[in-house]
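target_32.cif follows (mmCIF, C-alpha atoms):
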data_my_file
#
loop_
_atom_site.label_atom_id
_atom_site.label_comp_id
_atom_site.auth_asym_id
_atom_site.auth_seq_id
_atom_site.Cartn_x
_atom_site.Cartn_y
_atom_site.Cartn_z
CA MET A 1 20.46 -82.92 20.10
CA ALA A 2 18.21 -84.79 22.50
CA TYR A 3 15.34 -84.35 20.06
CA ILE A 4 17.47 -85.79 17.23
CA TYR A 5 18.17 -88.84 19.38
CA TYR A 6 14.47 -89.19 20.19
CA PHE A 7 13.60 -88.89 16.51
CA PHE A 8 16.04 -91.63 15.55
CA THR A 9 14.72 -93.78 18.38
CA LEU A 10 11.21 -93.49 16.97
CA LEU A 11 12.50 -94.49 13.54
CA LYS A 12 14.17 -97.53 15.04
CA GLY A 13 10.89 -98.55 16.63
CA THR A 14 12.16 -99.31 20.12
CA ASP A 15 11.14 -97.97 23.48
CA ASP A 16 14.58 -98.58 24.98
CA ALA A 17 16.28 -95.22 24.40
CA GLN A 18 19.51 -96.36 25.97
CA SER A 19 19.95 -99.05 23.32
CA PHE A 20 19.93 -96.56 20.45
CA SER A 21 23.08 -96.13 18.40
CA GLY A 22 23.55 -94.83 14.88
CA SER A 23 25.42 -92.31 12.78
CA PHE A 24 24.47 -88.89 11.51
CA PHE A 25 26.70 -86.73 9.28
CA PHE A 26 29.64 -89.06 9.95
CA THR A 27 29.17 -88.59 13.72
CA LYS A 28 28.29 -91.56 15.88
CA LEU A 29 25.10 -90.91 17.80
CA SER A 30 24.34 -92.45 21.15
CA PHE A 31 22.48 -91.45 24.28
CA ARG A 32 25.75 -91.92 26.16
CA ILE A 33 27.76 -89.69 23.80
CA LEU A 34 29.90 -86.98 25.42
CA PHE A 35 31.67 -84.10 23.75
CA SER A 36 34.87 -85.15 25.49
CA SER A 37 34.81 -88.35 23.41
CA ALA A 38 33.82 -86.58 20.19
CA SER A 39 36.31 -83.69 20.48
CA PRO A 40 39.41 -85.67 19.35
CA SER A 41 37.75 -86.42 16.01
CA LEU A 42 36.84 -82.77 15.57
CA CYS A 43 40.36 -81.69 16.51
CA LYS A 44 41.79 -83.96 13.80
CA LYS A 45 39.53 -82.36 11.21
CA LEU A 46 40.58 -78.90 12.37
CA THR A 47 44.25 -79.87 12.21
CA SER A 48 43.81 -80.84 8.56
CA CYS A 49 42.13 -77.50 7.85
CA VAL A 50 44.92 -75.60 9.61
CA MET A 51 47.55 -77.47 7.59
CA LEU A 52 45.76 -76.53 4.38
CA LEU A 53 45.65 -72.92 5.54
CA ARG A 54 49.36 -73.08 6.33
CA ARG A 55 50.09 -74.22 2.78
CA LEU A 56 47.97 -71.39 1.43
CA ALA A 57 50.01 -68.91 3.44
CA GLY A 58 53.34 -70.45 2.40
CA SER A 59 55.98 -68.68 0.36
CA SER A 60 55.02 -70.49 -2.85
CA TRP A 61 51.38 -69.35 -2.64
CA GLY A 62 51.78 -66.06 -0.83
CA ALA A 63 48.08 -65.47 -0.16
CA GLY A 64 47.10 -62.02 1.15
CA GLU A 65 45.44 -61.16 4.43
CA THR A 66 41.92 -60.96 3.00
CA THR A 67 42.29 -64.35 1.33
CA LEU A 68 43.57 -65.90 4.56
CA GLN A 69 40.69 -64.36 6.53
CA THR A 70 38.13 -65.81 4.11
CA ALA A 71 39.88 -69.18 4.10
CA THR A 72 39.93 -69.26 7.90
CA LEU A 73 36.20 -68.58 8.10
CA ALA A 74 35.41 -71.09 5.37
CA LEU A 75 37.70 -73.92 6.47
CA VAL A 76 38.40 -73.63 10.19
CA HIS A 77 35.46 -71.78 11.72
CA SER A 78 32.82 -73.56 9.64
CA THR A 79 34.19 -76.90 10.87
CA ALA A 80 34.69 -75.78 14.47
CA GLU A 81 31.19 -74.30 14.74
CA TYR A 82 29.25 -77.32 13.52
CA CYS A 83 26.39 -78.01 15.96
CA THR A 84 27.84 -75.51 18.45
CA PRO A 85 24.51 -74.88 20.23
CA VAL A 86 24.78 -78.46 21.53
CA TRP A 87 28.34 -78.50 22.89
CA SER A 88 29.36 -74.83 23.19
CA ARG A 89 28.99 -74.91 26.99
CA SER A 90 31.19 -77.97 27.41
CA ALA A 91 34.34 -77.78 29.53
CA HIS A 92 36.34 -79.20 26.60
CA THR A 93 35.84 -76.32 24.17
CA HIS A 94 39.38 -75.13 24.89
CA LEU A 95 40.62 -78.04 22.76
CA ILE A 96 38.81 -76.54 19.79
CA ASP A 97 40.08 -73.06 20.60
CA LEU A 98 43.67 -74.28 20.32
CA SER A 99 43.20 -75.13 16.64
CA ILE A 100 41.37 -71.87 16.03
CA ASN A 101 44.24 -69.93 17.60
CA ASP A 102 46.70 -71.77 15.34
CA ALA A 103 44.71 -70.61 12.32
CA LEU A 104 44.59 -67.03 13.59
CA GLN A 105 48.34 -67.06 14.13
CA ILE A 106 48.81 -68.03 10.49
CA VAL A 107 46.61 -65.14 9.36
CA THR A 108 48.38 -62.57 11.54
CA GLY A 109 51.89 -63.98 11.22
CA CYS A 110 52.26 -63.85 14.99
CA LEU A 111 54.46 -66.30 16.85
CA HIS A 112 53.12 -68.77 19.42
CA PRO A 113 54.09 -66.60 22.43
CA ALA A 114 51.63 -63.93 21.22
CA PRO A 115 48.65 -63.55 23.58
CA ALA A 116 45.67 -65.47 22.23
CA ASP A 117 43.28 -62.68 23.27
CA ASN A 118 44.95 -60.34 20.77
CA LEU A 119 44.54 -62.59 17.74
CA PRO A 120 40.82 -61.99 17.00
CA ILE A 121 41.14 -58.18 16.98
CA ILE A 122 44.16 -58.35 14.67
CA THR A 123 42.51 -60.73 12.21
CA GLY A 124 39.11 -59.00 12.36
CA ILE A 125 37.29 -62.23 13.27
CA GLN A 126 35.05 -62.42 16.32
CA PRO A 127 36.32 -64.54 19.23
CA ALA A 128 35.27 -68.17 19.19
CA GLU A 129 33.16 -67.87 22.35
CA ILE A 130 31.13 -64.98 20.92
CA ARG A 131 30.62 -66.82 17.64
CA ARG A 132 29.38 -69.89 19.53
CA ASN A 133 26.94 -67.73 21.48
CA GLY A 134 25.78 -66.23 18.21
CA SER A 135 24.99 -69.71 16.87
CA THR A 136 23.05 -70.51 20.04
CA LEU A 137 21.11 -67.26 19.74
CA SER A 138 20.32 -67.96 16.09
CA LEU A 139 18.87 -71.36 16.99
CA ALA A 140 16.93 -69.81 19.88
CA ARG A 141 15.35 -67.29 17.51
CA CYS A 142 14.29 -70.04 15.12
CA ALA A 143 12.87 -72.02 18.03
CA MET A 144 10.57 -69.14 19.00
CA VAL A 145 8.51 -69.76 15.85
CA PRO A 146 5.41 -71.82 16.68
CA GLY A 147 5.69 -75.31 15.30
CA HIS A 148 9.46 -75.48 15.69
CA LEU A 149 10.78 -78.67 17.27
CA LEU A 150 12.29 -76.75 20.21
CA HIS A 151 9.48 -74.19 20.61
CA SER A 152 7.82 -75.91 23.57
CA ALA A 153 11.16 -76.38 25.32
CA LEU A 154 11.98 -72.67 25.19
CA THR A 155 8.52 -71.34 25.99
CA CYS A 156 7.83 -73.93 28.72
CA PRO A 157 11.24 -74.85 30.19
CA LEU A 158 11.61 -78.37 31.48
CA SER A 159 12.46 -78.92 35.10
CA ALA A 160 15.58 -80.75 36.17
CA ASP A 161 13.56 -83.90 36.76
CA THR A 162 12.07 -83.99 33.24
CA ARG A 163 15.10 -83.25 31.09
CA ASN A 164 15.74 -85.72 28.30
CA LEU A 165 19.49 -85.78 28.95
CA LYS A 166 21.54 -84.88 31.99
CA SER A 167 23.68 -81.81 31.35
CA ARG A 168 25.51 -79.39 33.57
CA HIS A 169 24.87 -76.56 31.13
CA PRO A 170 21.79 -77.41 29.03
CA PHE A 171 20.73 -75.51 25.94
CA VAL A 172 17.44 -74.04 27.16
CA PRO A 173 18.74 -71.91 30.10
CA ALA A 174 21.64 -70.67 27.97
CA ALA A 175 19.33 -69.76 25.08
CA GLN A 176 16.94 -67.92 27.40
CA GLN A 177 19.82 -65.97 28.91
CA LEU A 178 21.01 -64.88 25.47
CA ARG A 179 17.49 -63.87 24.52
CA LEU A 180 17.54 -61.32 27.35
CA SER A 181 20.26 -59.34 25.52
CA ASP A 182 18.64 -59.83 22.12
CA ASN A 183 17.12 -56.79 20.43
CA ASN A 184 16.17 -58.67 17.25
CA GLU A 185 19.03 -57.23 15.21
CA ARG A 186 21.08 -59.37 12.86
CA VAL A 187 23.11 -62.02 14.61
CA GLY A 188 26.26 -60.62 13.02
CA HIS A 189 25.53 -57.17 14.46
CA TRP A 190 24.75 -58.72 17.84
CA MET A 191 28.12 -60.49 17.85
CA ASP A 192 29.89 -57.25 16.88
CA HIS A 193 28.20 -55.44 19.76
CA GLN A 194 29.11 -58.15 22.26
CA TRP A 195 32.66 -58.14 20.97
CA ASN A 196 32.91 -54.36 21.28
CA VAL A 197 31.68 -54.47 24.89
CA GLU A 198 34.14 -57.25 25.72
CA TRP A 199 37.01 -55.40 24.08
CA ALA A 200 36.16 -52.17 25.91
CA ASN A 201 36.63 -54.01 29.19
CA ASN A 202 39.87 -55.64 28.03
CA PRO A 203 42.90 -54.52 30.04
CA LEU A 204 45.43 -55.61 27.38
CA ARG A 205 47.97 -53.07 26.12
CA LEU A 206 46.72 -53.50 22.55
CA HIS A 207 43.51 -51.76 23.62
CA ASN A 208 45.46 -48.48 23.69
CA PHE A 209 46.06 -48.77 19.93
CA ILE A 210 42.70 -50.30 18.93
CA PRO A 211 39.99 -48.65 21.07
CA ASP A 212 37.05 -50.53 19.51
CA THR A 213 36.30 -53.36 17.11
CA SER A 214 34.36 -51.28 14.56
CA THR A 215 37.28 -51.33 12.13
CA HIS A 216 37.37 -55.14 11.81
CA SER A 217 36.74 -56.57 8.36
CA PRO A 218 33.21 -57.87 7.69
CA GLU A 219 32.65 -61.55 7.01
#

Turn this file's structure into C-alpha coordinates for me.
Amino acid sequence: MAYIYYFFTLLKGTDDAQSFSGSFFFTKLSFRILFSSASPSLCKKLTSCVMLLRRLAGSSWGAGETTLQTATLALVHSTAEYCTPVWSRSAHTHLIDLSINDALQIVTGCLHPAPADNLPIITGIQPAEIRRNGSTLSLARCAMVPGHLLHSALTCPLSADTRNLKSRHPFVPAAQQLRLSDNNERVGHWMDHQWNVEWANNPLRLHNFIPDTSTHSPE
(Lines of atoms letter the chains of each structure in order from A and count residues from 1; the text may use other names and numbers.)
(Lines give C-alpha, C1' and ligand atoms only; values in the text may rest on other atoms or scores of the structure.)
Protein backbone atom coordinates (compact mmCIF):
# COMPACT_ATOMS: atom_id res chain seq x y z
CA MET A 1 0.00 0.00 0.00
CA ALA A 2 2.94 2.30 0.62
CA TYR A 3 3.86 2.00 -3.05
CA ILE A 4 0.30 2.95 -4.06
CA TYR A 5 0.57 6.07 -1.91
CA TYR A 6 3.96 6.91 -3.43
CA PHE A 7 2.54 6.41 -6.91
CA PHE A 8 -0.36 8.77 -6.24
CA THR A 9 2.05 11.28 -4.72
CA LEU A 10 4.07 11.29 -7.94
CA LEU A 11 0.89 11.86 -9.94
CA LYS A 12 0.01 14.79 -7.73
CA GLY A 13 3.41 16.31 -8.38
CA THR A 14 4.34 17.19 -4.81
CA ASP A 15 7.31 16.25 -2.70
CA ASP A 16 5.36 16.56 0.54
CA ALA A 17 4.13 13.00 1.05
CA GLN A 18 2.32 13.88 4.24
CA SER A 19 0.03 16.28 2.38
CA PHE A 20 -1.28 13.59 0.04
CA SER A 21 -4.94 12.64 0.25
CA GLY A 22 -7.20 11.02 -2.31
CA SER A 23 -9.57 8.14 -2.92
CA PHE A 24 -9.07 4.76 -4.52
CA PHE A 25 -11.85 2.19 -5.01
CA PHE A 26 -14.14 4.21 -2.72
CA THR A 27 -11.48 4.10 0.03
CA LYS A 28 -9.93 7.31 1.27
CA LEU A 29 -6.17 7.19 0.93
CA SER A 30 -3.82 9.07 3.19
CA PHE A 31 -0.36 8.54 4.61
CA ARG A 32 -1.93 8.77 8.06
CA ILE A 33 -4.61 6.14 7.34
CA LEU A 34 -4.98 3.35 9.89
CA PHE A 35 -6.97 0.15 9.59
CA SER A 36 -8.65 0.96 12.89
CA SER A 37 -10.27 3.97 11.19
CA ALA A 38 -11.13 2.08 8.00
CA SER A 39 -12.53 -1.05 9.69
CA PRO A 40 -15.95 0.47 10.62
CA SER A 41 -16.69 1.14 6.95
CA LEU A 42 -15.71 -2.41 6.04
CA CYS A 43 -17.81 -3.81 8.87
CA LYS A 44 -20.86 -1.94 7.55
CA LYS A 45 -20.36 -3.47 4.11
CA LEU A 46 -20.03 -6.93 5.65
CA THR A 47 -23.18 -6.40 7.70
CA SER A 48 -25.11 -5.68 4.50
CA CYS A 49 -23.71 -8.85 2.92
CA VAL A 50 -24.65 -10.92 5.98
CA MET A 51 -28.19 -9.52 5.92
CA LEU A 52 -28.51 -10.50 2.26
CA LEU A 53 -27.24 -13.97 3.11
CA ARG A 54 -29.75 -14.18 5.94
CA ARG A 55 -32.58 -13.42 3.52
CA LEU A 56 -31.28 -16.08 1.17
CA ALA A 57 -31.38 -18.61 3.98
CA GLY A 58 -34.87 -17.56 5.12
CA SER A 59 -37.92 -19.78 5.03
CA SER A 60 -39.29 -18.13 1.88
CA TRP A 61 -36.10 -18.82 -0.11
CA GLY A 62 -34.90 -21.98 1.57
CA ALA A 63 -31.47 -22.08 -0.09
CA GLY A 64 -29.44 -25.28 0.38
CA GLU A 65 -26.07 -25.68 2.04
CA THR A 66 -24.08 -25.59 -1.20
CA THR A 67 -25.82 -22.40 -2.31
CA LEU A 68 -25.16 -20.76 1.06
CA GLN A 69 -21.50 -21.79 0.94
CA THR A 70 -21.08 -20.26 -2.52
CA ALA A 71 -22.95 -17.12 -1.48
CA THR A 72 -20.77 -16.75 1.62
CA LEU A 73 -17.58 -16.97 -0.43
CA ALA A 74 -18.90 -14.61 -3.09
CA LEU A 75 -20.49 -11.99 -0.83
CA VAL A 76 -18.82 -12.06 2.58
CA HIS A 77 -15.32 -13.44 2.06
CA SER A 78 -14.68 -11.53 -1.16
CA THR A 79 -15.52 -8.29 0.66
CA ALA A 80 -13.66 -9.17 3.85
CA GLU A 81 -10.50 -10.20 1.99
CA TYR A 82 -10.09 -7.08 -0.13
CA CYS A 83 -6.47 -5.88 0.15
CA THR A 84 -5.82 -8.33 3.00
CA PRO A 85 -2.03 -8.43 2.47
CA VAL A 86 -1.99 -4.81 3.69
CA TRP A 87 -4.04 -5.07 6.89
CA SER A 88 -4.16 -8.81 7.72
CA ARG A 89 -1.64 -8.38 10.57
CA SER A 90 -3.58 -5.57 12.23
CA ALA A 91 -4.83 -5.95 15.79
CA HIS A 92 -8.34 -5.01 14.62
CA THR A 93 -8.97 -8.00 12.35
CA HIS A 94 -11.20 -9.53 15.03
CA LEU A 95 -13.84 -6.96 14.06
CA ILE A 96 -13.94 -8.47 10.58
CA ASP A 97 -13.99 -12.00 11.97
CA LEU A 98 -17.18 -11.23 13.87
CA SER A 99 -19.08 -10.62 10.63
CA ILE A 100 -17.53 -13.69 9.04
CA ASN A 101 -18.63 -15.81 11.99
CA ASP A 102 -22.17 -14.46 11.63
CA ALA A 103 -22.19 -15.61 8.02
CA LEU A 104 -20.85 -19.05 8.95
CA GLN A 105 -23.53 -19.41 11.60
CA ILE A 106 -26.17 -18.79 8.95
CA VAL A 107 -24.67 -21.49 6.72
CA THR A 108 -24.45 -24.06 9.52
CA GLY A 109 -27.63 -23.10 11.34
CA CYS A 110 -25.70 -22.97 14.60
CA LEU A 111 -26.71 -20.65 17.41
CA HIS A 112 -24.49 -17.85 18.70
CA PRO A 113 -23.19 -19.88 21.69
CA ALA A 114 -21.56 -22.33 19.25
CA PRO A 115 -17.74 -22.17 19.39
CA ALA A 116 -16.42 -20.03 16.55
CA ASP A 117 -13.52 -22.43 15.96
CA ASN A 118 -15.99 -25.14 14.92
CA LEU A 119 -17.75 -23.11 12.25
CA PRO A 120 -15.13 -23.33 9.44
CA ILE A 121 -14.87 -27.14 9.60
CA ILE A 122 -18.65 -27.51 9.53
CA THR A 123 -19.11 -25.15 6.58
CA GLY A 124 -16.07 -26.46 4.68
CA ILE A 125 -14.54 -22.98 4.35
CA GLN A 126 -10.99 -22.29 5.48
CA PRO A 127 -10.59 -20.11 8.60
CA ALA A 128 -10.29 -16.39 7.96
CA GLU A 129 -6.71 -16.20 9.25
CA ILE A 130 -5.52 -18.93 6.89
CA ARG A 131 -7.29 -17.32 3.95
CA ARG A 132 -5.63 -13.98 4.76
CA ASN A 133 -2.23 -15.69 4.88
CA GLY A 134 -3.02 -17.29 1.54
CA SER A 135 -3.66 -13.87 0.01
CA THR A 136 -0.37 -12.60 1.43
CA LEU A 137 1.47 -15.62 0.02
CA SER A 138 -0.15 -15.11 -3.38
CA LEU A 139 1.07 -11.51 -3.50
CA ALA A 140 4.53 -12.59 -2.32
CA ARG A 141 4.74 -15.10 -5.18
CA CYS A 142 3.81 -12.44 -7.72
CA ALA A 143 6.37 -10.08 -6.20
CA MET A 144 9.18 -12.59 -6.80
CA VAL A 145 8.89 -11.99 -10.55
CA PRO A 146 11.56 -9.52 -11.71
CA GLY A 147 10.03 -6.21 -12.64
CA HIS A 148 7.23 -6.44 -10.10
CA LEU A 149 6.67 -3.32 -8.02
CA LEU A 150 7.45 -5.16 -4.77
CA HIS A 151 10.29 -7.33 -6.12
CA SER A 152 13.10 -5.20 -4.71
CA ALA A 153 11.40 -4.99 -1.32
CA LEU A 154 11.18 -8.77 -0.95
CA THR A 155 14.60 -9.62 -2.36
CA CYS A 156 16.39 -6.76 -0.55
CA PRO A 157 14.40 -6.13 2.65
CA LEU A 158 14.37 -2.59 3.92
CA SER A 159 15.73 -1.85 7.35
CA ALA A 160 13.62 -0.32 10.07
CA ASP A 161 15.13 3.09 9.36
CA THR A 162 14.25 3.07 5.64
CA ARG A 163 10.67 1.81 5.70
CA ASN A 164 8.18 3.97 3.84
CA LEU A 165 5.56 3.64 6.58
CA LYS A 166 5.83 2.75 10.24
CA SER A 167 4.18 -0.58 10.97
CA ARG A 168 4.36 -3.02 13.84
CA HIS A 169 3.83 -5.94 11.47
CA PRO A 170 4.94 -4.90 7.96
CA PHE A 171 4.24 -6.91 4.84
CA VAL A 172 7.79 -7.89 3.87
CA PRO A 173 8.77 -9.92 7.00
CA ALA A 174 5.38 -11.65 6.99
CA ALA A 175 5.66 -12.51 3.29
CA GLN A 176 9.19 -13.88 3.74
CA GLN A 177 8.05 -16.02 6.65
CA LEU A 178 5.24 -17.50 4.58
CA ARG A 179 7.63 -18.18 1.72
CA LEU A 180 9.61 -20.48 4.03
CA SER A 181 6.64 -22.90 4.15
CA ASP A 182 5.87 -22.49 0.45
CA ASN A 183 6.52 -25.47 -1.83
CA ASN A 184 5.15 -23.74 -4.95
CA GLU A 185 1.88 -25.66 -4.91
CA ARG A 186 -1.44 -23.97 -5.58
CA VAL A 187 -2.40 -21.44 -2.95
CA GLY A 188 -5.66 -23.32 -2.38
CA HIS A 189 -3.74 -26.53 -1.67
CA TRP A 190 -1.36 -24.64 0.60
CA MET A 191 -4.29 -23.27 2.61
CA ASP A 192 -5.82 -26.76 2.86
CA HIS A 193 -2.52 -28.14 4.18
CA GLN A 194 -2.17 -25.36 6.74
CA TRP A 195 -5.76 -25.89 7.80
CA ASN A 196 -5.25 -29.64 8.18
CA VAL A 197 -2.16 -29.10 10.36
CA GLU A 198 -4.03 -26.56 12.50
CA TRP A 199 -7.02 -28.85 12.87
CA ALA A 200 -4.82 -31.81 13.82
CA ASN A 201 -3.53 -29.78 16.76
CA ASN A 202 -7.02 -28.63 17.74
CA PRO A 203 -8.11 -29.94 21.16
CA LEU A 204 -11.84 -29.36 20.51
CA ARG A 205 -14.24 -32.26 20.98
CA LEU A 206 -15.40 -31.98 17.37
CA HIS A 207 -11.97 -33.24 16.33
CA ASN A 208 -13.03 -36.72 17.52
CA PHE A 209 -15.74 -36.80 14.84
CA ILE A 210 -13.87 -34.97 12.05
CA PRO A 211 -10.22 -36.12 12.17
CA ASP A 212 -9.05 -34.04 9.19
CA THR A 213 -10.25 -31.34 6.81
CA SER A 214 -9.91 -33.38 3.60
CA THR A 215 -13.67 -33.86 3.37
CA HIS A 216 -14.46 -30.13 3.19
CA SER A 217 -16.18 -28.91 0.04
CA PRO A 218 -13.94 -27.27 -2.58
CA GLU A 219 -14.40 -23.61 -3.44

- Query: From the set A:Gly134, A:Pro40, A:Pro127, A:Gly188, which residue has the shortest atom-to-atom contact distance to A:Asp97, counting all atoms listed in the file?
  - Reply: A:Pro127

- Can you list what the PyMOL selection byres ((chain A and resi 192) around 12) grabs from this structure, as a ChimeraX atom specification? /A:120-121,124-127,130-131,133-134,185-191,193-199,212-219

- Near stretch 75-86 of chain A, within 9 Å and counting all atoms listed in the file, which residues show up once chain neighbours fewer than 2 positions away are dropped, as an NGL selection string? :A and (1 or 42-43 or 45-47 or 49-50 or 52-53 or 70-73 or 88-90 or 96-97 or 99-100 or 103 or 128 or 131-137 or 139 or 170-171 or 175)

- Note on the structure: A:Ile106 proximity check over A:Ala57, A:Ala200, A:Leu150, A:Ala174, using all atoms listed in the file: winner is A:Ala57

- Pairwise distance for atom CA of A:Ala116 and atom CA of A:Glu129, rounded to one decimal in Å: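 Rounded to one decimal, the two atoms are 12.7 Å apart.
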
- Task: Have a look at atom CA of A:Ser39 and atom CA of A:Leu95 and let me know their distance in Å, one decimal.
- Result: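 Distance between the two atoms: 7.5 Å.
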
- atom CA of A:Val172 and atom CA of A:Ala140, how far apart in Å?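 Calculated distance between atom CA of A:Ala140 and atom CA of A:Val172 is 8.4 Å.
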
- Task: For the file shown, report as a ChimeraX atom specification the outcome of the PyMOL selection byres ((chain A and resi 109-114) around 12) at residue level.
- Result: /A:54,57-58,64-65,68,98,101-108,115-120,122-123,206

- Task: For each of A:Cys156, A:His207, A:Pro146, A:His169, take the minimum atom-to-atom distance to A:Ala91, counting all atoms listed in the file, then give the residue where this is smallest.
- Result: A:His169
